[in-house]
Structure formats: structure tokens, C-alpha cells
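One structure is given below, encoded as C-alpha cells.
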Amino acid sequence: MMTTQKFDVLIIGSGLAGMTLALHLAEHHEVGLITKRDLLEGSSSYAQGGIAAVLDTGDSVAQHINDTLIAGAGLCNEDTTRFIVENSKDAIDWLVDLGVPFTKDDSHQTGFHLTREGGHSHRRIIHAADATGAAVTSTLGQKIKAHPRITVLEHYIALDLITGKKLGIDENRCYGAYALDKEQDEVITIAANHTILASGGAGKVYLYTTNPDTATGDGIAMGWRAGCRVGNMEFIQFHPTCLYHPHSKSFLISEAVRGEGGILRLPDGTRFMPQHDERAELAPRDVVARAIDFEMKKHGLDCVYLDISYKPASFIQEHFPNIYAHCLELGIDITQEPIPVVPAAHYTCGGLVTDLKGRTDVEGLYAVGEVACTGLHGANRLASNSLLECMVIGKAAAADILAARSNEQPTIPDWDDSRVTDPDEEVVISHNWDELRRAMWDYVGIVRTNKRLERALHRINLLSEEINEYYSHFHVSNDLIELRNLVQTAELIVRSALLRKESRGLHFSRDYPQTDASCSDTILTPTI
């Protein structure tokens, strides 16, 4: 028996963007929030470094904007950047009022400890030790679970958005989504006047990533299928320093380690970053990631080393307690020895094209956070700007929804799986998943060529045909839904990369090593 649920607002995703929206909307609307795993399982919870904001009187909005524009390699939207940075202090004040336990520093004028990260000209990163994301989402999660007008549907995964086109209505509008209740193995219909994609990025499209397993490009793929444009999908940020250890999966070594003086070294102890950039370890992430990639290939290395062991042990344990404890469990004492690190896919700078209120090309459909492309990040995200974007655009989207009139909901049919059967060989899904991620890592990584990109696109097209056929004949499952979305997102990344005939920010092409004097966004428009 199919079931239907109805909310004023449906939020797909439970990271900081989704939580921000839920809390801003729930005083006036019934909110449904669906999440693929537990409420706190998402990329926001894994964010270590902190949130960039203009809090120090020695800092300024103009300087934060300038740092963002420099990191974005000429492709940031200045109006977007100004709007988000100007609202940064209000966003932090909101979190403080909610009780987020940021690290204190009584000697500082703000009362909080501010750190500095690569690409920033000032100390402006407010943080909760080295586990900021967990502190923020844990605090907000408690508020959400206690709120009577927020219904949290854990262990649900959205299949597709319900649009006018799918219902045979001549209206470019979203009316909710179909979602799989994973515990009951049942597809339900969720109707809503407003739907928000806050489902995060697509790091799992790559073999090595700092992202959790939930980061499978779901919102980007669903929005594209619904008729939304995507922008700048070629710009995938590779975090320079992911822990390299066979027993630790995708553990991030925070940007703040370099911000507090960490030095990148070769196995023989040689420091190499000053030869690549005058900013050395404090250069933006794209520069550092390419430098590490270059040194690893040049010397045939499996990893390089990040060394902060020359600092006092008490300083390291105070500032990086979680990194210290995790490494120690693996036999690495970072107060005595350097940390083995490699680059890994970390952040999707592009996404569904939105305005400053989070609105997409489809009426009633919003996208907020990593799933969206507001123009803030340009060709390379400045460290710790992402959580800030979640809150500022989330609040703006909530205000737009609260000011909007309710629309009459059409009759929405149940999900029809009467003509499909149970899958006979689920190994097809796991094999295709592995093949896709290896192809993306090998051909669409930190350094690219046209030949590699074309090779990747050929494989993606073959996988897409096979997966779509599988999708149309068998009952849906979590893995099949994610794989379908990953393949779609991978195609958008490669198509965007092929269109950019230059090297800029996170997109470095050996065929086009120069940066053009003029620059423009890469926009793809679906044909539906």
C-alpha cells in the first residue's frame, strides 16, 4: 500500500543548509525533512575547520570579499559574495544564540578563538576546536528534534522530484518528491508547496574523497532531470590533505593545521611548497593540491607529509584534539612525527544555478548549500566559506518562502512499480559503481586532458545506458538510486570540463594551460 505525506515545505537533506531552513520556517510552516541516514549524518557534520566571518575589528567585509574573489580565480559573482559576507556576523550571532559551543579565547575582543586558513588574509575562522561541523549540527539537531512542527524522516532517500511536466500539467513547478522509505522498502509520495534541495555535493563520484558515503550528487541529478540549469560543474575541489592510511577511510586533516603552521614535506623532510607558490602552505587549496600531485608524480610517492610536530604538544592537543586522537589510534603521534597525507575530492563548487534567495529555474523548488551554484565559490572555494553560504542563503530562502502565497496542490499519483521485478544480479550495481569512480579518478582528477575527458565521457555514456535500463526494469534500491545520480552528475562534470578551453582555479588542463583574459561561467541547460 502506497502512502502519501503532505507538508507546507519539504527539505531534502539534513546538513547545515537543511537545518537552517527548517528552524527558520517551522514557526509558521509544517516542515518535513528527509535524510538518507541519521539526522546528523552528512558533510556538514564532518567539517573540521570552521566558519569564515568578519568578526575582528581589524578585519573587514572588503578584505573577506577580496580574499574570496582571489581564491575564486575571477569567476565569483561579486554581488553574491558581498551579500553573503555582509551577513556573516549575523549568521554567527544566530549560532551563538542557539548555543553552539565555539572555542573561547578571553584574550580576544570577540571572546572566541579565531584561526586562519589558506587564502585568508586575516584570522577570521570561528570554530569549535577541530570539529566545528559536528558541534553546529549537533546543537541544531537537538532543536529540530524538539520542534513540534518539524517531522524528521530518517533513512529515506528521494528518488525524483514531482513536477508539472511529470503530472501532465503545463506548469514549470515542483509539487514535492517521491522517496524510498529504506526500512520499509516502500516508495512514498511527499507533497509540498515548496521543496528545497539541501542534499550536499557529489564527492562519492570519485574513488578517493573526504565526503561521507551520502554525498552522491542526488540533488544535482534530480534538479537537472526536473529542468534546472547547472553551472560550473568542472570545478571540483580536491582537499590537499586527506589522511593516508589503509585503516582510515577518508579522514580529513583540517586546513587549520596548515593555518597554524603545518609544513608540507617530502619523505626526506624537504619542504616543497615555497617552490610552488610564494604563499607556501597558506596558498589556496587548488594550488596546494596541484603541488602535492606534482611532487607525488615526480618522485613516485604514495603520499607526502604534513608536519606540525615542532609545535608544543599542548598546543596541538588543544587545537586539534580530534585529529590528534584519531591519528594516535592509528599509531601516528602528530606531536612527534608528521602526518601522511594525499589529496582527495572534497567539495563541489558548481551545482544547480540559483539566485540569492535559493530559487532555481523551477517554481517552488529551491537549492541551498553545496548542491547549489550561487556564484560565491567561482573557480575555487575559499576555505570555510561553505558553511557560511548554507546559513545566509538558507535564511534568505526561508524568508522568500514565508512571504510566498500557497498554491493549490494537484492530485499526485502514487509511484508505479507494478511492471518491475526484483533485481536478479545486484553485482551489476556494485561493479558499475566501482567502474565509474575509478574512471573519474583516473581521467577527471586534479590535472586533466581532452583525451582523458573524452575517454571518461565514453565510459559514462555506456554506464548510463546500462543503469537506465536496469532502473526501468527492477525495484529501486538505495544503491541503484545513488548510482543513477552519480552517473548523471559525473556526466555533467565531464561535459562542463570539456567546454572550458583554459585552465582556471580547480580546472587545470594540459591542453589549455593558460588562463583566458576574460572569463565566464559554464552553464548547461537540460532538454526536457
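Scheme for the C-alpha cells: letters A, B, ... for chains in order shown; per-chain residue numbers from 1; ligand numbers from 1 in order shown.
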
Taking a cut-off of 9 Å and counting only C-alpha atoms, can you build a table that, for each residue of range 404-506 of chain A near range 145-164 of chain A, reports the nearest atom pair and how far apart they are in Å (one decimal), sorted by chain then residue number, as CSV?
```
residue,atom,partner,partner_atom,distance
A:Ile412,CA,A:Ile162,CA,8.2
A:Val476,CA,A:Leu159,CA,8.7
A:Asn478,CA,A:Ile157,CA,7.0
A:Ile481,CA,A:Leu159,CA,6.5
A:Glu482,CA,A:Ile157,CA,8.9
```

Query - Nearby residues (only C-alpha atoms) at most 8 Å from Leu453 in chain A, same-chain spacing under 2 positions excluded, as a list in words - result: Tyr443, Val444, Arg448, Thr449, Asn450, Lys451, Arg455, Ala456, Leu457, Val494, Ala497 and Leu498 of chain A

Requested in this report: Would you mind listing what lies within 10 Å of range 71-86 of chain A as number ranges by chain, with only C-alpha atoms counted and same-chain residues fewer than 6 positions away left out?
Outcome: A: 52-54, 60-65, 118-120, 232, 283-287, 349, 355-356, 374-383, 385, 388-393, 504-506, 515, 517-521

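Among the candidate residues A:Gly358, A:Pro338, A:Pro274, A:Gly231, the one lying nearest to Thr522 in chain A is A:Gly231, with distances computed using only C-alpha atoms.
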
Query - From A:Val341, A:Ala367, A:Ile190, A:Leu140, residue lying nearest Leu264 in chain A [only C-alpha atoms] - result: A:Val341

If you run DSSP on the backbone here, which positions in range 88-284 of chain A get helix (DSSP H, G or I)? Please write them as a short mmCIF file (atom, residue, chain, number, x, y, z; two decimals) with all heavy atoms, in the first residue's frame.
```cif
data_model
loop_
_atom_site.label_atom_id
_atom_site.label_comp_id
_atom_site.auth_asym_id
_atom_site.auth_seq_id
_atom_site.Cartn_x
_atom_site.Cartn_y
_atom_site.Cartn_z
N SER A 88 27.60 37.68 7.35
CA SER A 88 28.35 36.64 8.06
C SER A 88 28.24 36.79 9.58
O SER A 88 28.05 35.81 10.30
CB SER A 88 29.81 36.63 7.62
OG SER A 88 30.46 37.86 7.92
N LYS A 89 28.35 38.02 10.08
CA LYS A 89 28.29 38.19 11.54
C LYS A 89 26.92 37.81 12.09
O LYS A 89 26.81 37.17 13.14
CB LYS A 89 28.63 39.63 11.93
CG LYS A 89 28.72 39.83 13.44
CD LYS A 89 29.10 41.24 13.82
CE LYS A 89 29.28 41.37 15.33
NZ LYS A 89 28.09 40.97 16.10
N ASP A 90 25.85 38.20 11.38
CA ASP A 90 24.50 37.83 11.82
C ASP A 90 24.34 36.32 11.88
O ASP A 90 23.68 35.79 12.80
CB ASP A 90 23.46 38.43 10.88
CG ASP A 90 23.30 39.93 11.06
OD1 ASP A 90 23.76 40.45 12.09
OD2 ASP A 90 22.71 40.58 10.17
N ALA A 91 24.93 35.61 10.91
CA ALA A 91 24.83 34.15 10.89
C ALA A 91 25.53 33.54 12.11
O ALA A 91 24.99 32.62 12.75
CB ALA A 91 25.45 33.60 9.60
N ILE A 92 26.71 34.06 12.44
CA ILE A 92 27.43 33.55 13.61
C ILE A 92 26.68 33.89 14.90
O ILE A 92 26.57 33.07 15.81
CB ILE A 92 28.87 34.11 13.66
CG1 ILE A 92 29.65 33.68 12.40
CG2 ILE A 92 29.58 33.63 14.92
CD1 ILE A 92 29.73 32.19 12.17
N ASP A 93 26.16 35.11 14.98
CA ASP A 93 25.38 35.50 16.17
C ASP A 93 24.19 34.56 16.37
O ASP A 93 23.85 34.21 17.52
CB ASP A 93 24.88 36.94 16.03
CG ASP A 93 26.00 37.97 16.15
OD1 ASP A 93 27.09 37.61 16.62
OD2 ASP A 93 25.78 39.13 15.74
N TRP A 94 23.56 34.15 15.27
CA TRP A 94 22.42 33.23 15.36
C TRP A 94 22.87 31.89 15.96
O TRP A 94 22.19 31.33 16.83
CB TRP A 94 21.84 33.02 13.95
CG TRP A 94 20.66 32.10 13.88
CD1 TRP A 94 19.43 32.29 14.42
CD2 TRP A 94 20.60 30.83 13.22
NE1 TRP A 94 18.61 31.23 14.13
CE2 TRP A 94 19.29 30.32 13.40
CE3 TRP A 94 21.53 30.09 12.47
CZ2 TRP A 94 18.90 29.09 12.87
CZ3 TRP A 94 21.13 28.86 11.95
CH2 TRP A 94 19.83 28.38 12.14
N LEU A 95 24.02 31.39 15.52
CA LEU A 95 24.52 30.13 16.05
C LEU A 95 24.89 30.26 17.52
O LEU A 95 24.62 29.35 18.32
CB LEU A 95 25.73 29.66 15.24
CG LEU A 95 25.48 29.22 13.80
CD1 LEU A 95 26.78 28.79 13.15
CD2 LEU A 95 24.47 28.07 13.73
N VAL A 96 25.52 31.36 17.87
CA VAL A 96 25.88 31.58 19.28
C VAL A 96 24.63 31.63 20.15
O VAL A 96 24.58 31.03 21.23
CB VAL A 96 26.71 32.88 19.42
CG1 VAL A 96 26.91 33.22 20.91
CG2 VAL A 96 28.07 32.74 18.73
N ASP A 97 23.60 32.31 19.67
CA ASP A 97 22.35 32.40 20.41
C ASP A 97 21.69 31.03 20.58
O ASP A 97 21.01 30.78 21.60
CB ASP A 97 21.37 33.35 19.71
CG ASP A 97 21.79 34.81 19.81
OD1 ASP A 97 22.64 35.12 20.66
OD2 ASP A 97 21.28 35.63 19.02
N LEU A 98 21.89 30.16 19.61
CA LEU A 98 21.32 28.81 19.70
C LEU A 98 22.14 27.91 20.63
O LEU A 98 21.70 26.81 20.97
CB LEU A 98 21.25 28.17 18.31
CG LEU A 98 20.18 28.73 17.36
CD1 LEU A 98 20.29 28.08 15.99
CD2 LEU A 98 18.78 28.52 17.92
N THR A 132 34.08 21.56 14.18
CA THR A 132 33.05 22.61 14.13
C THR A 132 31.73 22.10 13.58
O THR A 132 30.66 22.38 14.14
CB THR A 132 33.55 23.79 13.28
OG1 THR A 132 34.80 24.24 13.80
CG2 THR A 132 32.55 24.93 13.30
N GLY A 133 31.79 21.36 12.48
CA GLY A 133 30.57 20.88 11.86
C GLY A 133 29.75 20.03 12.80
O GLY A 133 28.52 20.17 12.88
N ALA A 134 30.43 19.15 13.53
CA ALA A 134 29.73 18.28 14.47
C ALA A 134 29.09 19.10 15.59
O ALA A 134 27.95 18.83 16.00
CB ALA A 134 30.70 17.25 15.06
N ALA A 135 29.79 20.12 16.07
CA ALA A 135 29.25 20.96 17.15
C ALA A 135 28.02 21.73 16.67
O ALA A 135 27.02 21.82 17.39
CB ALA A 135 30.33 21.92 17.64
N VAL A 136 28.09 22.27 15.47
CA VAL A 136 26.97 23.05 14.93
C VAL A 136 25.76 22.17 14.67
O VAL A 136 24.64 22.47 15.11
CB VAL A 136 27.40 23.79 13.65
CG1 VAL A 136 26.18 24.43 12.97
CG2 VAL A 136 28.45 24.86 13.96
N THR A 137 25.97 21.07 13.93
CA THR A 137 24.83 20.23 13.57
C THR A 137 24.23 19.51 14.79
O THR A 137 23.03 19.28 14.83
CB THR A 137 25.22 19.20 12.50
OG1 THR A 137 26.35 18.42 12.95
CG2 THR A 137 25.59 19.88 11.19
N SER A 138 25.07 19.19 15.77
CA SER A 138 24.54 18.56 16.98
C SER A 138 23.63 19.53 17.73
O SER A 138 22.53 19.16 18.18
CB SER A 138 25.69 18.13 17.89
OG SER A 138 25.20 17.62 19.12
N THR A 139 24.05 20.79 17.83
CA THR A 139 23.24 21.80 18.52
C THR A 139 21.93 22.05 17.79
O THR A 139 20.85 22.06 18.39
CB THR A 139 24.03 23.12 18.64
OG1 THR A 139 25.26 22.88 19.33
CG2 THR A 139 23.22 24.16 19.39
N LEU A 140 22.02 22.25 16.46
CA LEU A 140 20.81 22.50 15.68
C LEU A 140 19.92 21.26 15.62
O LEU A 140 18.68 21.36 15.62
CB LEU A 140 21.18 22.96 14.27
CG LEU A 140 21.35 24.47 14.08
CD1 LEU A 140 22.43 25.04 14.99
CD2 LEU A 140 21.68 24.79 12.62
N GLY A 141 20.55 20.09 15.57
CA GLY A 141 19.78 18.84 15.51
C GLY A 141 18.89 18.66 16.73
O GLY A 141 17.75 18.19 16.62
N GLN A 142 19.39 19.04 17.92
CA GLN A 142 18.59 18.95 19.13
C GLN A 142 17.37 19.86 19.05
O GLN A 142 16.26 19.49 19.47
CB GLN A 142 19.45 19.31 20.34
CG GLN A 142 20.55 18.31 20.65
CD GLN A 142 21.47 18.79 21.76
OE1 GLN A 142 21.11 19.67 22.54
NE2 GLN A 142 22.67 18.23 21.81
N LYS A 143 17.57 21.06 18.50
CA LYS A 143 16.45 22.00 18.34
C LYS A 143 15.40 21.45 17.37
O LYS A 143 14.20 21.59 17.58
CB LYS A 143 16.95 23.35 17.82
CG LYS A 143 18.05 23.99 18.64
CD LYS A 143 17.52 24.59 19.92
CE LYS A 143 18.60 25.35 20.66
NZ LYS A 143 18.15 25.84 21.98
N ILE A 144 15.89 20.83 16.29
CA ILE A 144 14.99 20.29 15.27
C ILE A 144 14.16 19.13 15.83
O ILE A 144 12.95 19.06 15.64
CB ILE A 144 15.79 19.86 14.03
CG1 ILE A 144 16.19 21.12 13.23
CG2 ILE A 144 15.01 18.89 13.14
CD1 ILE A 144 17.15 20.85 12.10
N LYS A 145 14.82 18.23 16.52
CA LYS A 145 14.11 17.06 17.06
C LYS A 145 13.07 17.47 18.10
O LYS A 145 12.07 16.77 18.29
CB LYS A 145 15.11 16.08 17.66
CG LYS A 145 15.89 15.31 16.60
CD LYS A 145 16.69 14.17 17.21
CE LYS A 145 17.30 13.29 16.12
NZ LYS A 145 18.06 12.15 16.67
N ALA A 146 13.30 18.60 18.77
CA ALA A 146 12.37 19.04 19.81
C ALA A 146 11.24 19.90 19.26
O ALA A 146 10.29 20.19 19.98
CB ALA A 146 13.14 19.82 20.88
N GLY A 164 5.33 19.61 -12.75
CA GLY A 164 4.16 19.75 -13.62
C GLY A 164 4.28 18.88 -14.85
O GLY A 164 3.29 18.26 -15.28
N LYS A 165 5.47 18.82 -15.43
CA LYS A 165 5.66 18.01 -16.64
C LYS A 165 5.34 16.54 -16.37
O LYS A 165 4.69 15.87 -17.17
CB LYS A 165 7.09 18.15 -17.14
CG LYS A 165 7.36 17.37 -18.42
CD LYS A 165 8.73 17.69 -18.96
CE LYS A 165 8.93 17.01 -20.31
NZ LYS A 165 9.61 15.77 -20.26
N LYS A 166 5.79 16.03 -15.22
CA LYS A 166 5.54 14.63 -14.90
C LYS A 166 4.06 14.36 -14.65
O LYS A 166 3.58 13.25 -14.86
CB LYS A 166 6.36 14.22 -13.68
CG LYS A 166 7.86 14.13 -13.97
CD LYS A 166 8.62 13.58 -12.79
CE LYS A 166 10.09 13.45 -13.13
NZ LYS A 166 10.89 12.97 -12.00
N LEU A 167 3.35 15.39 -14.21
CA LEU A 167 1.92 15.23 -13.94
C LEU A 167 1.06 15.59 -15.15
O LEU A 167 -0.17 15.51 -15.07
CB LEU A 167 1.52 16.11 -12.75
CG LEU A 167 2.21 15.80 -11.41
CD1 LEU A 167 1.75 16.79 -10.34
CD2 LEU A 167 1.96 14.37 -10.97
N GLY A 203 30.98 14.19 -3.84
CA GLY A 203 32.34 13.66 -3.69
C GLY A 203 32.47 12.19 -3.98
O GLY A 203 33.53 11.72 -4.43
N LYS A 204 31.40 11.41 -3.76
CA LYS A 204 31.49 9.96 -3.97
C LYS A 204 31.55 9.56 -5.44
O LYS A 204 31.65 8.38 -5.76
CB LYS A 204 30.31 9.26 -3.28
CG LYS A 204 30.35 9.33 -1.76
CD LYS A 204 31.55 8.63 -1.14
CE LYS A 204 31.42 7.12 -1.21
NZ LYS A 204 32.50 6.45 -0.45
N VAL A 205 31.50 10.54 -6.33
CA VAL A 205 31.71 10.25 -7.75
C VAL A 205 33.18 9.90 -7.98
O VAL A 205 33.53 9.34 -9.02
CB VAL A 205 31.26 11.43 -8.63
CG1 VAL A 205 32.28 12.55 -8.63
CG2 VAL A 205 30.95 10.99 -10.05
N ASP A 218 22.79 13.58 -5.40
CA ASP A 218 21.35 13.34 -5.59
C ASP A 218 20.60 14.59 -6.01
O ASP A 218 19.81 14.59 -6.95
CB ASP A 218 20.74 12.78 -4.29
CG ASP A 218 21.39 11.50 -3.84
OD1 ASP A 218 21.83 10.72 -4.70
OD2 ASP A 218 21.48 11.28 -2.62
N GLY A 219 20.80 15.69 -5.29
CA GLY A 219 20.07 16.91 -5.58
C GLY A 219 20.40 17.49 -6.93
O GLY A 219 19.52 17.99 -7.65
N ILE A 220 21.68 17.45 -7.30
CA ILE A 220 22.10 17.97 -8.60
C ILE A 220 21.43 17.17 -9.71
O ILE A 220 20.87 17.74 -10.67
CB ILE A 220 23.63 17.92 -8.73
CG1 ILE A 220 24.29 18.86 -7.72
CG2 ILE A 220 24.07 18.28 -10.16
CD1 ILE A 220 25.79 18.71 -7.60
N ALA A 221 21.46 15.84 -9.59
CA ALA A 221 20.86 14.99 -10.63
C ALA A 221 19.34 15.16 -10.68
O ALA A 221 18.75 15.26 -11.77
CB ALA A 221 21.22 13.53 -10.36
N MET A 222 18.68 15.21 -9.53
CA MET A 222 17.23 15.39 -9.52
C MET A 222 16.83 16.74 -10.09
O MET A 222 15.85 16.85 -10.85
CB MET A 222 16.69 15.24 -8.09
CG MET A 222 16.62 13.80 -7.61
SD MET A 222 15.69 13.66 -6.06
CE MET A 222 16.79 14.48 -4.92
N GLY A 223 17.56 17.79 -9.71
CA GLY A 223 17.26 19.11 -10.23
C GLY A 223 17.45 19.19 -11.73
O GLY A 223 16.63 19.80 -12.45
N TRP A 224 18.51 18.58 -12.24
CA TRP A 224 18.77 18.54 -13.68
C TRP A 224 17.64 17.83 -14.41
O TRP A 224 17.13 18.31 -15.42
CB TRP A 224 20.11 17.85 -13.93
CG TRP A 224 20.42 17.58 -15.37
CD1 TRP A 224 20.27 16.39 -16.03
CD2 TRP A 224 20.95 18.51 -16.33
NE1 TRP A 224 20.68 16.51 -17.34
CE2 TRP A 224 21.09 17.80 -17.56
CE3 TRP A 224 21.32 19.84 -16.29
CZ2 TRP A 224 21.59 18.40 -18.71
CZ3 TRP A 224 21.82 20.44 -17.44
CH2 TRP A 224 21.94 19.73 -18.63
N ARG A 225 17.21 16.67 -13.87
CA ARG A 225 16.12 15.93 -14.51
C ARG A 225 14.82 16.71 -14.47
O ARG A 225 13.96 16.55 -15.34
CB ARG A 225 15.95 14.56 -13.84
CG ARG A 225 17.10 13.59 -14.10
CD ARG A 225 16.75 12.16 -13.71
NE ARG A 225 16.56 11.98 -12.29
CZ ARG A 225 17.50 11.57 -11.44
NH1 ARG A 225 18.72 11.32 -11.87
NH2 ARG A 225 17.22 11.41 -10.15
N ALA A 226 14.67 17.60 -13.47
CA ALA A 226 13.45 18.39 -13.35
C ALA A 226 13.46 19.62 -14.24
O ALA A 226 12.43 20.29 -14.36
CB ALA A 226 13.25 18.80 -11.89
N GLU A 255 42.29 22.10 7.18
CA GLU A 255 43.03 23.24 6.63
C GLU A 255 43.71 24.03 7.74
O GLU A 255 44.78 24.62 7.55
CB GLU A 255 42.03 24.15 5.91
CG GLU A 255 42.62 25.25 5.09
CD GLU A 255 42.73 24.86 3.64
OE1 GLU A 255 42.29 23.75 3.30
OE2 GLU A 255 43.24 25.66 2.87
N ALA A 256 43.10 24.03 8.90
CA ALA A 256 43.61 24.82 10.02
C ALA A 256 44.97 24.33 10.50
O ALA A 256 45.72 25.10 11.12
CB ALA A 256 42.61 24.81 11.18
N VAL A 257 45.32 23.08 10.23
CA VAL A 257 46.65 22.59 10.62
C VAL A 257 47.72 23.38 9.88
O VAL A 257 48.72 23.80 10.46
CB VAL A 257 46.78 21.07 10.34
CG1 VAL A 257 48.21 20.60 10.62
CG2 VAL A 257 45.80 20.28 11.20
N ARG A 258 47.49 23.62 8.58
CA ARG A 258 48.42 24.48 7.83
C ARG A 258 48.28 25.93 8.28
O ARG A 258 49.26 26.68 8.32
CB ARG A 258 48.17 24.35 6.33
CG ARG A 258 48.70 23.04 5.76
CD ARG A 258 48.56 22.96 4.26
NE ARG A 258 47.19 22.76 3.84
CZ ARG A 258 46.51 23.60 3.08
NH1 ARG A 258 47.06 24.71 2.63
NH2 ARG A 258 45.26 23.34 2.74
N GLY A 259 47.05 26.35 8.60
CA GLY A 259 46.84 27.72 9.07
C GLY A 259 47.59 28.02 10.35
O GLY A 259 48.00 29.16 10.60
N MET A 273 56.52 23.49 -0.69
CA MET A 273 55.52 24.47 -1.11
C MET A 273 56.09 25.82 -1.53
O MET A 273 55.59 26.44 -2.47
CB MET A 273 54.46 24.66 -0.02
CG MET A 273 53.32 23.65 -0.05
SD MET A 273 52.52 23.44 -1.66
CE MET A 273 51.97 25.11 -2.03
N PRO A 274 57.16 26.35 -0.89
CA PRO A 274 57.69 27.65 -1.34
C PRO A 274 58.16 27.65 -2.79
O PRO A 274 58.18 28.71 -3.43
CB PRO A 274 58.87 27.88 -0.39
CG PRO A 274 58.50 27.14 0.86
CD PRO A 274 57.81 25.91 0.37
N GLN A 275 58.50 26.49 -3.34
CA GLN A 275 58.91 26.42 -4.75
C GLN A 275 57.70 26.49 -5.70
O GLN A 275 57.88 26.74 -6.89
CB GLN A 275 59.68 25.11 -5.02
CG GLN A 275 61.12 25.11 -4.53
CD GLN A 275 61.20 25.00 -3.03
OE1 GLN A 275 60.64 24.08 -2.43
NE2 GLN A 275 61.91 25.93 -2.39
N ALA A 280 53.23 29.69 0.02
CA ALA A 280 53.61 28.39 0.57
C ALA A 280 52.39 27.59 1.04
O ALA A 280 51.43 27.46 0.29
CB ALA A 280 54.62 28.58 1.70
N GLU A 281 52.41 27.10 2.28
CA GLU A 281 51.32 26.26 2.78
C GLU A 281 50.00 27.01 2.92
O GLU A 281 48.94 26.38 3.05
CB GLU A 281 51.70 25.64 4.13
CG GLU A 281 52.63 24.45 4.06
CD GLU A 281 54.07 24.83 3.84
OE1 GLU A 281 54.39 26.04 3.92
OE2 GLU A 281 54.90 23.93 3.59
N LEU A 282 50.03 28.33 2.90
CA LEU A 282 48.81 29.12 3.03
C LEU A 282 48.23 29.53 1.68
O LEU A 282 47.32 30.36 1.61
CB LEU A 282 49.07 30.37 3.88
CG LEU A 282 49.32 30.10 5.36
CD1 LEU A 282 49.63 31.39 6.10
CD2 LEU A 282 48.14 29.38 6.00
#
```

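Here the question is which of A:Pro312, A:Gly394, A:Pro410, A:Pro526 gets nearest to Leu21 in chain A using only C-alpha atoms, and that residue is A:Gly394.
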
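Excluding Ser386 in chain A itself and any same-chain residue fewer than 6 positions from it, the protein and nucleic acid residues within 8 Å of it, counting only C-alpha atoms, are Ile51, Gly369 and Glu370 of chain A.
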
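Every residue of range 329-517 of chain A found in strand (DSSP E) when DSSP is run on the backbone appears here: Ile339, Pro340, Val341, Val342, Pro343, Ala344, Ala345, His346, Tyr347, Thr348, Gly351, Leu352, Val353, Leu365, Tyr366, Ala367, Ala372, Cys373, Val447, Arg448, Phe508 and Ser509 of chain A.
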
**Report entry** Long-range neighbours of Gly217 in chain A as an MDAnalysis selection string, 9 Å cut-off, only C-alpha atoms, 6 positions minimum in chain
**Finding:** chainID A and resid 199:205 371 482 485:490

Report task. Mind checking which residues fall within 10 Å of Thr525 in chain A, counting only C-alpha atoms, ignoring those fewer than 3 positions away in the same chain, and posting them as JSON, numbers by chain? Result -> {"A": [224, 227, 228, 229, 230, 231, 528]}

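For the atom pair formed by CA of Asp414 in chain A and CA of Val368 in chain A, the distance is 27.4 Å, given to one decimal.
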
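Proximity ranking of A:Thr354, A:Ser254, A:Thr216, A:Gln184 relative to His319 in chain A places A:Ser254 first, based on only C-alpha atoms.
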
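Candidate residues A:Leu499, A:Ile523, A:Cys373, A:Leu365 were compared for distance to Asn172 in chain A, and the nearest is A:Leu365, using only C-alpha atoms.
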
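Excluding Tyr324 in chain A itself and any same-chain residue fewer than 6 positions from it, the protein and nucleic acid residues within 8 Å of it, counting only C-alpha atoms, are Ile316, Gln317, Asp333 and Ile334 of chain A.
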
Report summary line: Nearest to Pro240 in chain A, restricted to only C-alpha atoms and choosing among A:Asp277, A:Arg37, A:Leu306, A:Phe272, comes out as A:Leu306

Query raised in the report: What gap, in Å, lies between CA of Tyr347 in chain A and CA of Phe238 in chain A?
Result: 6.9 Å
